[in-house]
Each structure stands twice: as C-alpha cells, then as structure tokens.
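Below: entry.cif (mmCIF, C-alpha atoms)
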```cif
data_upload
#
loop_
_atom_site.label_atom_id
_atom_site.label_comp_id
_atom_site.auth_asym_id
_atom_site.auth_seq_id
_atom_site.Cartn_x
_atom_site.Cartn_y
_atom_site.Cartn_z
CA SER A 1 3.58 -9.97 83.83
CA HIS A 2 7.22 -11.09 83.90
CA VAL A 3 7.47 -9.78 80.31
CA GLY A 4 6.87 -6.23 81.55
CA VAL A 5 6.68 -3.64 78.78
CA SER A 6 9.01 -5.56 76.47
CA SER A 7 6.08 -6.68 74.28
CA SER A 8 4.04 -4.52 71.91
CA HIS A 9 0.84 -5.72 73.52
CA HIS A 10 1.85 -4.53 76.98
CA ARG A 11 3.15 -1.19 75.70
CA LEU A 12 -0.18 -0.56 73.99
CA LEU A 13 -1.97 -1.40 77.24
CA VAL A 14 0.29 1.06 79.10
CA GLY A 15 -0.57 3.79 76.59
CA LEU A 16 -4.28 3.04 76.91
CA SER A 17 -4.03 3.10 80.71
CA ILE A 18 -2.24 6.48 80.71
CA PHE A 19 -4.97 8.10 78.62
CA ASP A 20 -7.68 6.50 80.76
CA ILE A 21 -6.02 7.91 83.89
CA ILE A 22 -5.82 11.38 82.33
CA SER A 23 -9.49 11.25 81.40
CA SER A 24 -10.58 9.93 84.80
CA VAL A 25 -8.54 12.45 86.82
CA SER A 26 -9.75 15.38 84.71
CA HIS A 27 -13.35 14.32 85.38
CA SER A 28 -12.71 14.08 89.13
CA THR A 29 -12.54 17.79 89.99
CA PHE A 30 -16.04 17.90 91.52
CA ASN A 31 -16.88 20.92 89.32
CA ALA A 32 -14.09 22.97 90.94
CA ALA A 33 -12.52 23.78 87.56
CA ALA A 34 -15.66 25.57 86.33
CA PRO A 35 -15.47 29.39 86.42
CA SER A 36 -16.66 30.81 89.72
CA GLU A 37 -19.07 33.18 87.96
CA ASP A 38 -21.14 30.12 87.06
CA ALA A 39 -21.53 29.14 90.72
CA TYR A 40 -25.23 30.09 90.65
CA ASP A 41 -25.82 27.26 88.16
CA THR A 42 -22.89 24.86 88.81
CA TRP A 43 -22.24 23.35 92.22
CA ASN A 44 -18.75 23.95 93.65
CA ALA A 45 -17.63 26.15 90.73
CA ARG A 46 -14.40 27.72 92.07
CA GLY A 47 -12.16 28.08 89.04
CA ASN A 48 -11.47 30.62 86.33
CA GLU A 49 -10.96 30.66 82.58
CA LEU A 50 -7.52 29.04 82.90
CA THR A 51 -8.76 26.07 84.95
CA ARG A 52 -11.74 25.73 82.60
CA ASP A 53 -9.48 25.46 79.55
CA ALA A 54 -7.09 23.10 81.35
CA GLN A 55 -9.85 20.71 82.34
CA GLY A 56 -11.45 20.80 78.90
CA PHE A 57 -8.11 20.10 77.27
CA LEU A 58 -7.33 17.12 79.53
CA VAL A 59 -10.84 15.68 79.20
CA THR A 60 -10.63 15.80 75.40
CA PHE A 61 -7.02 14.63 75.21
CA GLY A 62 -7.61 11.67 77.53
CA MET A 63 -10.90 10.57 76.02
CA TYR A 64 -9.91 10.60 72.34
CA GLY A 65 -6.47 9.19 73.05
CA GLY A 66 -8.13 6.30 74.88
CA LEU A 67 -10.58 5.72 72.05
CA PHE A 68 -7.86 5.49 69.41
CA TYR A 69 -5.67 3.33 71.64
CA ASN A 70 -8.57 0.87 71.81
CA ALA A 71 -8.60 0.84 68.02
CA ALA A 72 -4.80 0.40 67.95
CA LEU A 73 -5.07 -2.61 70.24
CA SER A 74 -7.61 -4.20 67.90
CA LEU A 75 -5.32 -3.59 64.92
CA TYR A 76 -2.47 -5.23 66.83
CA TYR A 77 -4.55 -8.39 67.30
CA LEU A 78 -5.55 -8.25 63.64
CA ALA A 79 -1.91 -8.14 62.52
CA LEU A 80 -0.99 -10.97 64.88
CA VAL A 81 -3.89 -13.36 64.26
CA ARG A 82 -5.30 -12.58 60.82
CA TYR A 83 -2.07 -11.80 58.94
CA GLY A 84 0.33 -13.83 61.09
CA TRP A 85 2.96 -11.10 61.39
CA SER A 86 5.69 -11.76 63.91
CA GLU A 87 6.11 -9.79 67.13
CA ASP A 88 9.40 -8.34 65.86
CA TYR A 89 7.84 -7.18 62.59
CA ILE A 90 4.94 -5.55 64.45
CA ARG A 91 7.34 -3.87 66.88
CA ILE A 92 9.50 -2.37 64.12
CA LYS A 93 7.01 -1.63 61.33
CA ILE A 94 3.57 -1.28 62.92
CA GLU A 95 3.85 -0.30 66.57
CA PRO A 96 5.17 3.27 65.99
CA PHE A 97 1.95 4.05 64.12
CA LEU A 98 -0.19 2.32 66.77
CA HIS A 99 1.24 4.74 69.35
CA GLY A 100 1.68 7.78 67.12
CA VAL A 101 -1.80 8.02 65.64
CA PRO A 102 -3.72 8.10 68.98
CA ILE A 103 -1.31 10.64 70.50
CA VAL A 104 -1.25 12.93 67.45
CA VAL A 105 -5.01 12.79 66.85
CA ALA A 106 -5.84 13.50 70.49
CA LEU A 107 -3.26 16.30 70.75
CA VAL A 108 -4.17 18.04 67.48
CA TYR A 109 -7.91 17.90 68.18
CA SER A 110 -7.46 19.19 71.74
CA VAL A 111 -5.28 22.09 70.58
CA ALA A 112 -7.78 22.93 67.81
CA LEU A 113 -10.63 23.10 70.34
CA LEU A 114 -8.52 25.25 72.67
CA LEU A 115 -7.70 27.74 69.91
CA GLY A 116 -11.33 27.77 68.77
CA LYS A 117 -12.56 28.59 72.31
CA HIS A 118 -14.62 25.40 72.44
CA PHE A 119 -13.86 24.57 76.08
CA ASN A 120 -16.79 25.93 78.08
CA ASN A 121 -18.70 25.02 81.21
CA ASN A 122 -21.76 22.86 80.57
CA SER A 123 -23.29 23.40 84.04
CA ILE A 124 -22.64 19.81 85.11
CA GLY A 125 -18.95 20.18 85.90
CA SER A 126 -17.36 19.31 82.55
CA CYS A 127 -15.67 22.16 80.72
CA ALA A 128 -15.87 20.55 77.30
CA GLU A 129 -18.99 22.27 75.97
CA SER A 130 -18.50 23.64 72.46
CA VAL A 131 -20.59 26.80 72.90
CA TYR A 132 -21.04 28.84 76.09
CA TYR A 133 -24.65 29.90 76.54
CA PRO A 134 -25.73 29.55 80.20
CA LEU A 135 -28.97 30.71 81.80
CA HIS A 136 -27.79 34.27 82.44
CA CYS A 137 -27.27 34.75 78.69
CA ASP A 138 -30.97 34.52 77.89
CA GLY A 139 -31.91 37.66 75.97
CA TYR A 140 -28.29 38.53 75.16
CA ASN A 141 -26.72 38.30 71.72
CA VAL A 142 -23.54 36.46 70.83
CA GLY A 143 -20.51 38.37 72.04
CA GLU A 144 -22.40 40.39 74.68
CA THR A 145 -21.49 40.14 78.35
CA ARG A 146 -24.02 40.58 81.11
CA ASP A 147 -23.19 42.92 83.99
CA GLY A 148 -21.34 41.10 86.75
CA PHE A 149 -19.94 38.48 84.38
CA GLU A 150 -16.74 38.32 82.34
CA ILE A 151 -17.22 35.50 79.83
CA PRO A 152 -19.09 36.64 76.70
CA CYS A 153 -22.28 34.87 75.74
CA GLY A 154 -22.02 32.53 72.76
CA ARG A 155 -18.29 31.95 73.26
CA GLY A 156 -17.10 29.28 70.83
CA LEU A 157 -20.09 29.60 68.47
CA LYS A 158 -17.81 30.30 65.49
CA GLY A 159 -16.71 26.97 64.10
CA SER A 160 -19.00 24.95 66.36
CA GLY A 161 -20.53 23.16 63.36
CA ILE A 162 -17.14 21.88 62.25
CA ASP A 163 -16.40 20.89 65.82
CA LEU A 164 -19.61 18.88 65.99
CA ILE A 165 -18.86 16.97 62.78
CA SER A 166 -15.24 16.36 63.84
CA ASN A 167 -16.44 15.12 67.21
CA MET A 168 -18.77 12.59 65.61
CA VAL A 169 -16.15 11.36 63.14
CA LEU A 170 -13.39 10.99 65.74
CA TYR A 171 -15.82 9.33 68.10
CA PHE A 172 -17.15 6.60 65.84
CA VAL A 173 -14.10 5.88 63.64
CA PRO A 174 -12.36 3.92 66.45
CA ALA A 175 -15.58 1.97 67.07
CA ALA A 176 -15.77 1.04 63.38
CA ILE A 177 -12.09 -0.01 63.37
CA MET A 178 -12.66 -2.23 66.41
CA ALA A 179 -15.77 -3.84 64.91
CA VAL A 180 -14.15 -4.57 61.53
CA SER A 181 -10.88 -5.81 63.07
CA LEU A 182 -12.54 -8.20 65.50
CA THR A 183 -14.88 -9.50 62.79
CA MET A 184 -11.90 -10.24 60.53
CA ILE A 185 -10.06 -11.93 63.40
CA TYR A 186 -13.01 -14.18 64.18
CA ALA A 187 -13.48 -15.02 60.49
CA ALA A 188 -9.80 -15.99 60.22
CA VAL A 189 -10.05 -18.25 63.26
CA ARG A 190 -13.21 -19.90 61.93
CA GLN A 191 -11.53 -20.47 58.57
CA GLN A 192 -8.57 -22.13 60.24
CA GLU A 193 -10.91 -24.24 62.35
CA ASN A 194 -12.80 -25.44 59.29
CA LYS A 195 -9.52 -26.23 57.55
CA ASN A 196 -8.41 -28.35 60.52
CA LYS A 197 -11.69 -30.23 60.42
CA LYS A 198 -11.38 -30.89 56.71
CA TYR A 199 -7.75 -31.93 56.48
CA GLY A 200 -6.78 -32.88 60.02
CA VAL A 201 -7.01 -36.10 61.97
CA ALA A 202 -10.72 -35.50 62.47
CA ALA A 203 -11.36 -36.05 58.75
CA LEU A 204 -9.61 -39.44 58.85
CA ARG A 205 -11.53 -40.48 61.96
CA ALA A 206 -14.78 -39.39 60.39
CA THR A 207 -14.04 -41.56 57.34
CA VAL A 208 -13.32 -44.57 59.53
CA SER A 209 -16.47 -43.89 61.52
CA ASN A 210 -18.61 -43.78 58.37
CA THR A 211 -17.04 -47.00 57.07
CA ILE A 212 -17.73 -48.85 60.31
CA SER A 213 -21.28 -47.54 60.38
CA GLN A 214 -21.93 -48.70 56.83
CA GLN A 215 -20.63 -52.17 57.68
CA ASP A 216 -22.83 -52.34 60.74
CA SER A 217 -25.87 -51.27 58.78
CA GLU A 218 -25.35 -54.17 56.42
CA HIS A 219 -25.42 -56.71 59.27
CA SER A 220 -27.81 -55.16 61.79
CA GLY A 221 -30.82 -52.96 62.18
CA GLY A 222 -30.90 -49.35 61.09
CA LEU A 223 -31.55 -47.96 64.59
CA TRP A 224 -28.47 -49.59 66.13
CA ALA A 225 -26.32 -48.40 63.22
CA SER A 226 -27.50 -44.81 63.63
CA ILE A 227 -26.80 -44.83 67.36
CA LYS A 228 -23.33 -46.28 66.90
CA LYS A 229 -22.51 -43.84 64.11
CA ALA A 230 -23.48 -40.86 66.25
CA SER A 231 -21.51 -42.24 69.19
CA LEU A 232 -18.37 -42.75 67.11
CA ARG A 233 -18.61 -39.25 65.62
CA TRP A 234 -19.04 -37.66 69.05
CA SER A 235 -16.15 -39.63 70.58
CA SER A 236 -13.92 -38.72 67.64
CA ASP A 237 -14.58 -35.00 68.09
CA VAL A 238 -14.23 -35.08 71.86
CA SER A 239 -11.02 -37.08 71.91
CA ASN A 240 -9.33 -35.03 69.19
CA PRO A 241 -7.19 -32.36 70.90
CA ARG A 242 -6.87 -30.35 67.68
CA ILE A 243 -10.63 -29.89 67.40
CA LYS A 244 -10.89 -29.03 71.09
CA LYS A 245 -8.08 -26.51 70.75
CA SER A 246 -9.50 -24.90 67.61
CA ARG A 247 -12.95 -24.62 69.11
CA SER A 248 -11.50 -23.13 72.28
CA LYS A 249 -9.51 -20.60 70.26
CA SER A 250 -12.55 -19.67 68.20
CA ARG A 251 -14.67 -19.20 71.31
CA SER A 252 -11.90 -17.17 72.95
CA VAL A 253 -11.75 -14.74 70.03
CA MET A 254 -15.54 -14.50 69.92
CA HIS A 255 -15.70 -13.76 73.65
CA LYS A 256 -12.96 -11.15 73.28
CA ALA A 257 -14.89 -9.51 70.44
CA PHE A 258 -18.03 -9.31 72.57
CA GLY A 259 -15.92 -8.14 75.51
CA TYR A 260 -14.47 -5.26 73.51
CA ALA A 261 -17.91 -4.24 72.28
CA PHE A 262 -19.43 -4.44 75.76
CA ALA A 263 -16.55 -2.50 77.36
CA TRP A 264 -16.85 0.22 74.72
CA LEU A 265 -20.60 0.45 75.29
CA LEU A 266 -20.12 0.71 79.06
CA ALA A 267 -17.55 3.49 78.71
CA PHE A 268 -18.97 5.45 75.78
CA GLY A 269 -22.44 4.13 75.01
CA LEU A 270 -24.41 6.87 76.75
CA ARG A 271 -22.16 9.58 75.35
CA SER A 272 -22.61 8.13 71.85
CA ARG A 273 -26.36 8.37 72.28
CA ASP A 274 -26.05 11.96 73.51
CA CYS A 275 -23.85 12.88 70.55
CA LEU A 276 -26.37 11.48 68.09
CA LEU A 277 -29.27 13.27 69.79
CA TYR A 278 -27.31 16.54 69.95
CA MET A 279 -26.42 16.32 66.26
CA ALA A 280 -30.01 15.54 65.29
CA HIS A 281 -31.29 18.47 67.37
CA HIS A 282 -28.87 20.96 65.80
#
```

What would you get if you wrote out this structure as structure tokens?
Amino acid sequence: SHVGVSSSHHRLLVGLSIFDIISSVSHSTFNAAAPSEDAYDTWNARGNELTRDAQGFLVTFGMYGGLFYNAALSLYYLALVRYGWSEDYIRIKIEPFLHGVPIVVALVYSVALLLGKHFNNNSIGSCAESVYYPLHCDGYNVGETRDGFEIPCGRGLKGSGIDLISNMVLYFVPAAIMAVSLTMIYAAVRQQENKNKKYGVAALRATVSNTISQQDSEHSGGLWASIKKASLRWSSDVSNPRIKKSRSKSRSVMHKAFGYAFAWLLAFGLRSRDCLLYMAHH
C-alpha cells in the first residue's frame, strides 16, 4: 500500500507477519534441532541441548505472539467500527498496548518454559514438549539417565501441570477475544443498518409506496395492488444507494468475521483439538 506502515492497521499486520515468520522458520528445521541422541527415534536429529532449547523458544515465541497479534487486530477493528475512535486516538492511546501485550506475553511465557526445562524433543521434530520421556526411558524413574544418553528421563516434569493450564489459557484467550470482538462489530453494523432503514430515505419511500398501494387497492383488484406494492418496495430498496451500501458493509463485516474464524481454524484447529485431548488424558 502507498500508506506503508504509517497506519496502525498496517503496523499490526507487520507485527503479525514477523511472528508468523518466526514460527514458520523455527518449524522448518527438518528435525535437525533435536538432540542427536534421539536419532534412533527422530529422523535427522543432529542437534544438542542448545539447539533444542533455541528451537523450542522460537516456536513458542512465534506461535503465541501470532495468536495475540490476531486478537490485537480484532480489537483494533472493534475500536474503529464499534466505538468510532479516530485513527489518531487509536495510534496514541491504544496501539502501544496492541503491540506490547502480544510481545510481552509471548516473551514471558517462552522464558518461563525455558527456565522450567519444558523445551524437549517430542520425536516428531518439534522441541516444545513439556516433559521429556522418550522410548529409551521406559523402566527408568524421573531424573535417571540411561547409559549412552545425557538427558535425564522426565526432564521438565516439575511444573508441567502449571504449564499445561497456562498453555490452554494462553491458547484460547485470543480466540475468545476474536470471537467477541467480531460479534460486537457485526452487531454494531447491523444496528446502524437498521437505523438507516428506519430513519433514512428508504423509510420515506416505503411510506409513499404504501400510500400508492392503498390508493390502487381502492380502485382495482387486490391481486394487482399486491403485485404493484411488492414491485415498488423492491425498486425502492434496489435504487437506494444507502441501503445498498449498508447491506454491503454488513456483509463485508460478516465475511471478515467468518474469514478470521476460518483462518484461525486452519492454523490452530488441529492443535486446539490435540491440546484438549492431551488435557483430558492427563
């Protein structure tokens, strides 16, 4: 766009794109970041504990930053459409929080998982498993290390329950924010549309249409009057640019709401299901 990053909307999109890139790149290591001692169970595992922690940190940082930036974008639309705040007001009063919250939440949560030793290989190339308990740990207690291996079994078990709850909360809070925000936006647009119908030119045309129809019904048959009344009402709605514009705006917001929901489901739907199943199992 010729506006560049001079608008709050575009700056939020840039922030979202940066976190999406971080998440995508960190997932594109082809398992190479996994510790090499797990090579018997993980294809192409060539890394060590440092690369494992680095990949886990970037995966978590990128994913949760992206989730909360999606929520921030929805709140931006809510402020603009539902409350009618100006772009300058949003830029000065609201935008710092829309950037700050996603960055701080993603950074604090990633650091907490790093300190709690919750970045572990999950045997499918992602080093974001909360507890390390691979196949070679069968029969070994937490903290024990099998001969020929260096990483202790059960690494990250302490505090894993809190990690699981935090993961669920941080995962579904942005989804709830997006759902509520887009519902409020659509309701505001519908309310404005109904107000335009009630007090706009359409109301006057509808009154004229009803008057003409009543006069026709007094001088002609009921069938012809009904047909003419319906025709006049349809032509009034079609020819009124305000109704066309309001309907178009309402449909646009509705389509955007469904688009957000569908995009979120494509990106995080399967993981949401896995999180729920994992929580129910444990």

Find the spatial neighbours of segment 105-109 of chain A, counting all atoms listed in the file, within a cut-off of 12 Å - ignore same-chain residues fewer than 6 positions away - and output them as a ChimeraX atom specification. /A:19,23,56-69,97-99,115-116,118-119,162-164,166-167,169-171,173-174

Could those residues be written to a file, using C-alpha atoms, as a short mmCIF file (atom, residue, chain, number, x, y, z; two decimals), in the frame of the given file?
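Dumped to out_22.cif:
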```cif
data_model
loop_
_atom_site.label_atom_id
_atom_site.label_comp_id
_atom_site.auth_asym_id
_atom_site.auth_seq_id
_atom_site.Cartn_x
_atom_site.Cartn_y
_atom_site.Cartn_z
CA PHE A 19 -4.97 8.10 78.62
CA SER A 23 -9.49 11.25 81.40
CA GLY A 56 -11.45 20.80 78.90
CA PHE A 57 -8.11 20.10 77.27
CA LEU A 58 -7.33 17.12 79.53
CA VAL A 59 -10.84 15.68 79.20
CA THR A 60 -10.63 15.80 75.40
CA PHE A 61 -7.02 14.63 75.21
CA GLY A 62 -7.61 11.67 77.53
CA MET A 63 -10.90 10.57 76.02
CA TYR A 64 -9.91 10.60 72.34
CA GLY A 65 -6.47 9.19 73.05
CA GLY A 66 -8.13 6.30 74.88
CA LEU A 67 -10.58 5.72 72.05
CA PHE A 68 -7.86 5.49 69.41
CA TYR A 69 -5.67 3.33 71.64
CA PHE A 97 1.95 4.05 64.12
CA LEU A 98 -0.19 2.32 66.77
CA HIS A 99 1.24 4.74 69.35
CA LEU A 115 -7.70 27.74 69.91
CA GLY A 116 -11.33 27.77 68.77
CA HIS A 118 -14.62 25.40 72.44
CA PHE A 119 -13.86 24.57 76.08
CA ILE A 162 -17.14 21.88 62.25
CA ASP A 163 -16.40 20.89 65.82
CA LEU A 164 -19.61 18.88 65.99
CA SER A 166 -15.24 16.36 63.84
CA ASN A 167 -16.44 15.12 67.21
CA VAL A 169 -16.15 11.36 63.14
CA LEU A 170 -13.39 10.99 65.74
CA TYR A 171 -15.82 9.33 68.10
CA VAL A 173 -14.10 5.88 63.64
CA PRO A 174 -12.36 3.92 66.45
#
```

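Atom pair atom CA of Ala267 of chain A / atom CA of Asp20 of chain A: separated by 10.5 Å.
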
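In this model, the gap between atom CA of Arg155 of chain A and atom CA of Ser28 of chain A comes to 24.5 Å.
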
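Distance-wise, atom CA of Arg146 of chain A and atom CA of Asp41 of chain A end up 15.2 Å apart.
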
With all atoms listed in the file as the counted atoms, please give the residues lying no more than 10 Å from Ala34 of chain A, apart from itself and same-chain residues fewer than 5 positions off, as an MDAnalysis selection string. chainID A and resid 29 39 42:53 55:56 120:127

Counting all atoms listed in the file, figure out which residue out of A:Ala54, A:Ile165, A:Val25, A:Cys153 gets nearest to Ser110 of chain A. A:Ala54

Using all atoms listed in the file, what residues lie at most 8 Å away from (-7.1, -17.6, 62.5) (file coordinates), given as a PyMOL selection string? chain A and resi 81-82+185-193

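Considering the residues A:Asn194, A:Thr145, A:Ser7, A:Leu265 and counting only C-alpha atoms, Ile92 of chain A has its shortest atom-to-atom contact with A:Ser7.
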
Which residue, A:Ala72, A:Ala79, A:Leu182, A:Val131, has the smallest gap to Ile103 of chain A when you use only C-alpha atoms? A:Ala72

Among the residues A:His9, A:Lys197, A:His136, A:Lys117, the one that comes closest to Tyr77 of chain A [using all atoms listed in the file]: A:His9

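Among the candidates A:Asn141, A:Ser17, A:Asn70, A:Ser130, the one nearest to Val101 of chain A when counting only C-alpha atoms is A:Asn70.
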
Between A:Asp147, A:Asp38, A:Glu95, A:Glu129, which one has atoms that come closest to Leu75 of chain A, using only C-alpha atoms? A:Glu95
